[in-house]
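Undergrad: Following this line is target-v2.pdb, made up of PDB, C-alpha atoms and all ligand atoms:
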ATOM      1  CA  MET A  64     -13.043   4.733 -42.064
ATOM      2  CA  ALA A  65      -9.846   6.519 -40.985
ATOM      3  CA  GLU A  66     -11.191   7.283 -37.530
ATOM      4  CA  LYS A  67     -11.913   3.612 -36.931
ATOM      5  CA  THR A  68      -8.428   2.585 -38.100
ATOM      6  CA  ILE A  69      -6.865   4.988 -35.623
ATOM      7  CA  LEU A  70      -9.139   3.773 -32.838
ATOM      8  CA  LYS A  71      -8.307   0.151 -33.680
ATOM      9  CA  ARG A  72      -4.575   0.871 -33.599
ATOM     10  CA  GLU A  73      -4.772   2.884 -30.390
ATOM     11  CA  THR A  74      -6.901   0.310 -28.572
ATOM     12  CA  ASN A  75      -4.899  -2.626 -30.003
ATOM     13  CA  LEU A  76      -8.111  -4.490 -30.958
ATOM     14  CA  ASP A  77      -6.468  -6.689 -33.633
ATOM     15  CA  PHE A  78      -3.638  -7.561 -31.286
ATOM     16  CA  ASN A  79      -6.130  -8.830 -28.720
ATOM     17  CA  LYS A  80      -8.200 -10.820 -31.210
ATOM     18  CA  PRO A  81      -6.433 -13.684 -33.052
ATOM     19  CA  LYS A  82      -8.179 -15.147 -36.113
ATOM     20  CA  MET A  83     -10.280 -18.135 -35.072
ATOM     21  CA  TYR A  84     -11.139 -21.287 -37.014
ATOM     22  CA  LYS A  85     -14.166 -23.566 -36.794
ATOM     23  CA  VAL A  86     -13.342 -27.275 -36.686
ATOM     24  CA  ILE A  87     -16.045 -29.169 -38.577
ATOM     25  CA  LEU A  88     -16.597 -32.912 -38.216
ATOM     26  CA  LEU A  89     -17.784 -34.740 -41.348
ATOM     27  CA  ASN A  90     -20.260 -37.617 -41.448
ATOM     28  CA  ASP A  91     -19.450 -40.895 -43.176
ATOM     29  CA  ASP A  92     -21.155 -44.291 -43.437
ATOM     30  CA  TYR A  93     -18.487 -46.424 -41.708
ATOM     31  CA  THR A  94     -17.219 -44.808 -38.495
ATOM     32  CA  THR A  95     -19.100 -46.168 -35.486
ATOM     33  CA  MET A  96     -21.198 -43.812 -33.385
ATOM     34  CA  ASP A  97     -19.290 -44.928 -30.260
ATOM     35  CA  PHE A  98     -15.943 -43.964 -31.810
ATOM     36  CA  VAL A  99     -17.230 -40.498 -32.797
ATOM     37  CA  VAL A 100     -18.463 -39.953 -29.219
ATOM     38  CA  GLU A 101     -15.048 -41.105 -27.921
ATOM     39  CA  ILE A 102     -13.308 -38.565 -30.218
ATOM     40  CA  LEU A 103     -15.628 -35.748 -29.110
ATOM     41  CA  ILE A 104     -14.886 -36.524 -25.447
ATOM     42  CA  THR A 105     -11.119 -37.046 -25.689
ATOM     43  CA  VAL A 106     -10.087 -34.552 -28.398
ATOM     44  CA  PHE A 107     -12.764 -31.855 -28.072
ATOM     45  CA  HIS A 108     -13.404 -32.148 -24.296
ATOM     46  CA  LYS A 109     -17.188 -32.577 -24.538
ATOM     47  CA  ASN A 110     -19.149 -34.353 -21.809
ATOM     48  CA  ALA A 111     -20.928 -37.601 -22.728
ATOM     49  CA  ALA A 112     -24.346 -35.946 -23.192
ATOM     50  CA  ASP A 113     -23.035 -33.134 -25.436
ATOM     51  CA  ALA A 114     -20.821 -35.562 -27.380
ATOM     52  CA  THR A 115     -23.823 -37.784 -28.133
ATOM     53  CA  LYS A 116     -25.950 -34.804 -29.259
ATOM     54  CA  ILE A 117     -23.201 -33.464 -31.539
ATOM     55  CA  MET A 118     -22.513 -36.916 -33.015
ATOM     56  CA  LEU A 119     -26.213 -37.423 -33.851
ATOM     57  CA  ASP A 120     -26.386 -33.918 -35.359
ATOM     58  CA  VAL A 121     -23.381 -34.632 -37.631
ATOM     59  CA  HIS A 122     -24.888 -38.037 -38.510
ATOM     60  CA  GLN A 123     -28.176 -36.381 -39.556
ATOM     61  CA  LYS A 124     -26.922 -33.159 -41.183
ATOM     62  CA  GLY A 125     -23.674 -34.345 -42.761
ATOM     63  CA  ARG A 126     -21.364 -32.011 -40.841
ATOM     64  CA  GLY A 127     -21.187 -29.982 -37.672
ATOM     65  CA  ILE A 128     -18.998 -27.513 -35.783
ATOM     66  CA  VAL A 129     -17.244 -29.187 -32.871
ATOM     67  CA  GLY A 130     -15.217 -26.210 -31.650
ATOM     68  CA  VAL A 131     -13.556 -22.894 -32.504
ATOM     69  CA  TYR A 132      -9.790 -22.595 -32.007
ATOM     70  CA  THR A 133      -6.681 -20.706 -33.055
ATOM     71  CA  TYR A 134      -5.049 -21.954 -36.286
ATOM     72  CA  ASP A 135      -2.407 -24.155 -34.619
ATOM     73  CA  ILE A 136      -4.814 -25.769 -32.145
ATOM     74  CA  ALA A 137      -7.402 -26.444 -34.881
ATOM     75  CA  ARG A 138      -4.713 -28.088 -37.057
ATOM     76  CA  THR A 139      -3.433 -30.191 -34.153
ATOM     77  CA  LYS A 140      -6.925 -31.464 -33.287
ATOM     78  CA  ILE A 141      -7.675 -32.311 -36.943
ATOM     79  CA  ALA A 142      -4.370 -34.229 -37.181
ATOM     80  CA  LEU A 143      -5.213 -36.113 -33.961
ATOM     81  CA  VAL A 144      -8.661 -37.083 -35.297
ATOM     82  CA  GLU A 145      -6.989 -38.395 -38.456
ATOM     83  CA  LYS A 146      -4.353 -40.347 -36.491
ATOM     84  CA  MET A 147      -6.862 -41.952 -34.094
ATOM     85  CA  ALA A 148      -9.302 -42.750 -36.931
ATOM     86  CA  THR A 149      -6.557 -44.267 -39.112
ATOM     87  CA  GLU A 150      -5.397 -46.467 -36.213
ATOM     88  CA  ARG A 151      -8.928 -47.858 -35.926
ATOM     89  CA  GLU A 152      -9.331 -48.004 -39.738
ATOM     90  CA  PHE A 153     -12.227 -45.518 -39.751
ATOM     91  CA  PRO A 154     -12.573 -42.825 -42.444
ATOM     92  CA  LEU A 155     -13.672 -40.160 -39.910
ATOM     93  CA  ALA A 156     -12.382 -36.693 -40.901
ATOM     94  CA  ALA A 157     -12.525 -33.095 -39.723
ATOM     95  CA  VAL A 158     -11.825 -29.865 -41.609
ATOM     96  CA  MET A 159     -11.314 -26.232 -40.602
ATOM     97  CA  GLU A 160     -12.792 -22.949 -41.861
ATOM     98  CA  PRO A 161     -12.121 -19.342 -40.837
ATOM     99  CA  GLU A 162     -14.794 -18.194 -38.376
TER     100      GLU A 162
HETATM  101  N1  LIG A 201     -22.866 -42.121 -39.797
HETATM  102  C1  LIG A 201     -22.136 -42.976 -38.881
HETATM  103  C2  LIG A 201     -22.938 -44.276 -38.657
HETATM  104  O1  LIG A 201     -24.090 -44.359 -39.033
HETATM  105  C3  LIG A 201     -21.874 -42.283 -37.539
HETATM  106  C4  LIG A 201     -21.112 -41.005 -37.660
HETATM  107  C5  LIG A 201     -21.557 -39.855 -37.017
HETATM  108  C6  LIG A 201     -19.938 -40.952 -38.412
HETATM  109  C7  LIG A 201     -20.859 -38.658 -37.109
HETATM  110  C8  LIG A 201     -19.226 -39.737 -38.518
HETATM  111  C9  LIG A 201     -19.682 -38.606 -37.853
HETATM  112  N2  LIG A 201     -22.303 -45.280 -38.049
END
Reformat the file's structure so that it appears as structure tokens.
TA:
Amino acid sequence: MAEKTILKRETNLDFNKPKMYKVILLNDDYTTMDFVVEILITVFHKNAADATKIMLDVHQKGRGIVGVYTYDIARTKIALVEKMATEREFPLAAVMEPE
């Protein structure tokens, strides 16, 4: 609608709203529950109780959203998960999807 486009431009709505991306943690059979909780606390800044809940949810459902971030921050967190998991020889992985 033309009116909406004008309103959007005049109020700068797009400028104020960057695209956001969900970071999704994937379950696997090998990564320890303790390591997943550690990742959720250190990389995604969850408290111990929330980290445990999210870990169990991913374990049961196969995947779960762990946060919503701008593109660069989502990519950085996914890369950090991969680096920390590789160092410990765990297959833990995270992916991102547009919100
Ligand atoms: N499924 C893993 C286990 O049973 C735990 C896990 C949870 C792994 C969440 C990855 C993500 N040890």
Undergrad: Ligand LIG 201 (chain A): which residues are within 9 Å, counting all atoms listed in the file, as a CSV table (one decimal) with C-alpha atoms, keeping the file's coordinate frame?
TA:
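result_17.csv, freshly written:
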chain,number,residue,atom,x,y,z
A,88,LEU,CA,-16.6,-32.9,-38.2
A,89,LEU,CA,-17.8,-34.7,-41.3
A,90,ASN,CA,-20.3,-37.6,-41.4
A,91,ASP,CA,-19.4,-40.9,-43.2
A,92,ASP,CA,-21.2,-44.3,-43.4
A,93,TYR,CA,-18.5,-46.4,-41.7
A,94,THR,CA,-17.2,-44.8,-38.5
A,95,THR,CA,-19.1,-46.2,-35.5
A,96,MET,CA,-21.2,-43.8,-33.4
A,97,ASP,CA,-19.3,-44.9,-30.3
A,98,PHE,CA,-15.9,-44.0,-31.8
A,99,VAL,CA,-17.2,-40.5,-32.8
A,100,VAL,CA,-18.5,-40.0,-29.2
A,117,ILE,CA,-23.2,-33.5,-31.5
A,118,MET,CA,-22.5,-36.9,-33.0
A,119,LEU,CA,-26.2,-37.4,-33.9
A,120,ASP,CA,-26.4,-33.9,-35.4
A,121,VAL,CA,-23.4,-34.6,-37.6
A,122,HIS,CA,-24.9,-38.0,-38.5
A,123,GLN,CA,-28.2,-36.4,-39.6
A,125,GLY,CA,-23.7,-34.3,-42.8
A,126,ARG,CA,-21.4,-32.0,-40.8
A,127,GLY,CA,-21.2,-30.0,-37.7
A,154,PRO,CA,-12.6,-42.8,-42.4
A,155,LEU,CA,-13.7,-40.2,-39.9
A,156,ALA,CA,-12.4,-36.7,-40.9
Undergrad: Can you pull out every residue within 12 Å of A:Thr105, counting all atoms listed in the file, but drop anything in the same chain fewer than 5 positions away, and send it as a CSV table (one decimal) with C-alpha atoms, in the frame of the given file?
TA:
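Output saved as result19.csv:
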chain,number,residue,atom,x,y,z
A,98,PHE,CA,-15.9,-44.0,-31.8
A,99,VAL,CA,-17.2,-40.5,-32.8
A,100,VAL,CA,-18.5,-40.0,-29.2
A,110,ASN,CA,-19.1,-34.4,-21.8
A,111,ALA,CA,-20.9,-37.6,-22.7
A,114,ALA,CA,-20.8,-35.6,-27.4
A,140,LYS,CA,-6.9,-31.5,-33.3
A,143,LEU,CA,-5.2,-36.1,-34.0
A,144,VAL,CA,-8.7,-37.1,-35.3
A,147,MET,CA,-6.9,-42.0,-34.1
Undergrad: When you look at A:Tyr132 with a cut-off of 12 Å (counting all atoms listed in the file), what residues show up, excluding the ones that are within fewer than 2 positions of it in the same chain? I need them as a PyMOL selection string.
TA: chain A and resi 80-87+107+128-130+134-141+159-162
Undergrad: So what do you get for atom CA of A:Ala157 versus atom CA of A:Asp113, distance-wise?
TA: 17.7 Å
Undergrad: Grab the atom CA of A:Val131 to atom CA of A:Arg151 distance for me, in Å with one decimal place.
TA: 25.6 Å
Undergrad: Between atom CA of A:Thr115 and atom CA of A:Glu145, what distance in Å does the model show, to one decimal?
TA: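 A separation of 19.8 Å between them.
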Undergrad: Nearest residue to A:Ile104 out of A:Thr149, A:Thr133, A:Ala142, A:Lys116, using all atoms listed in the file?
TA: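 Closest to A:Ile104, using all atoms listed in the file: A:Lys116.
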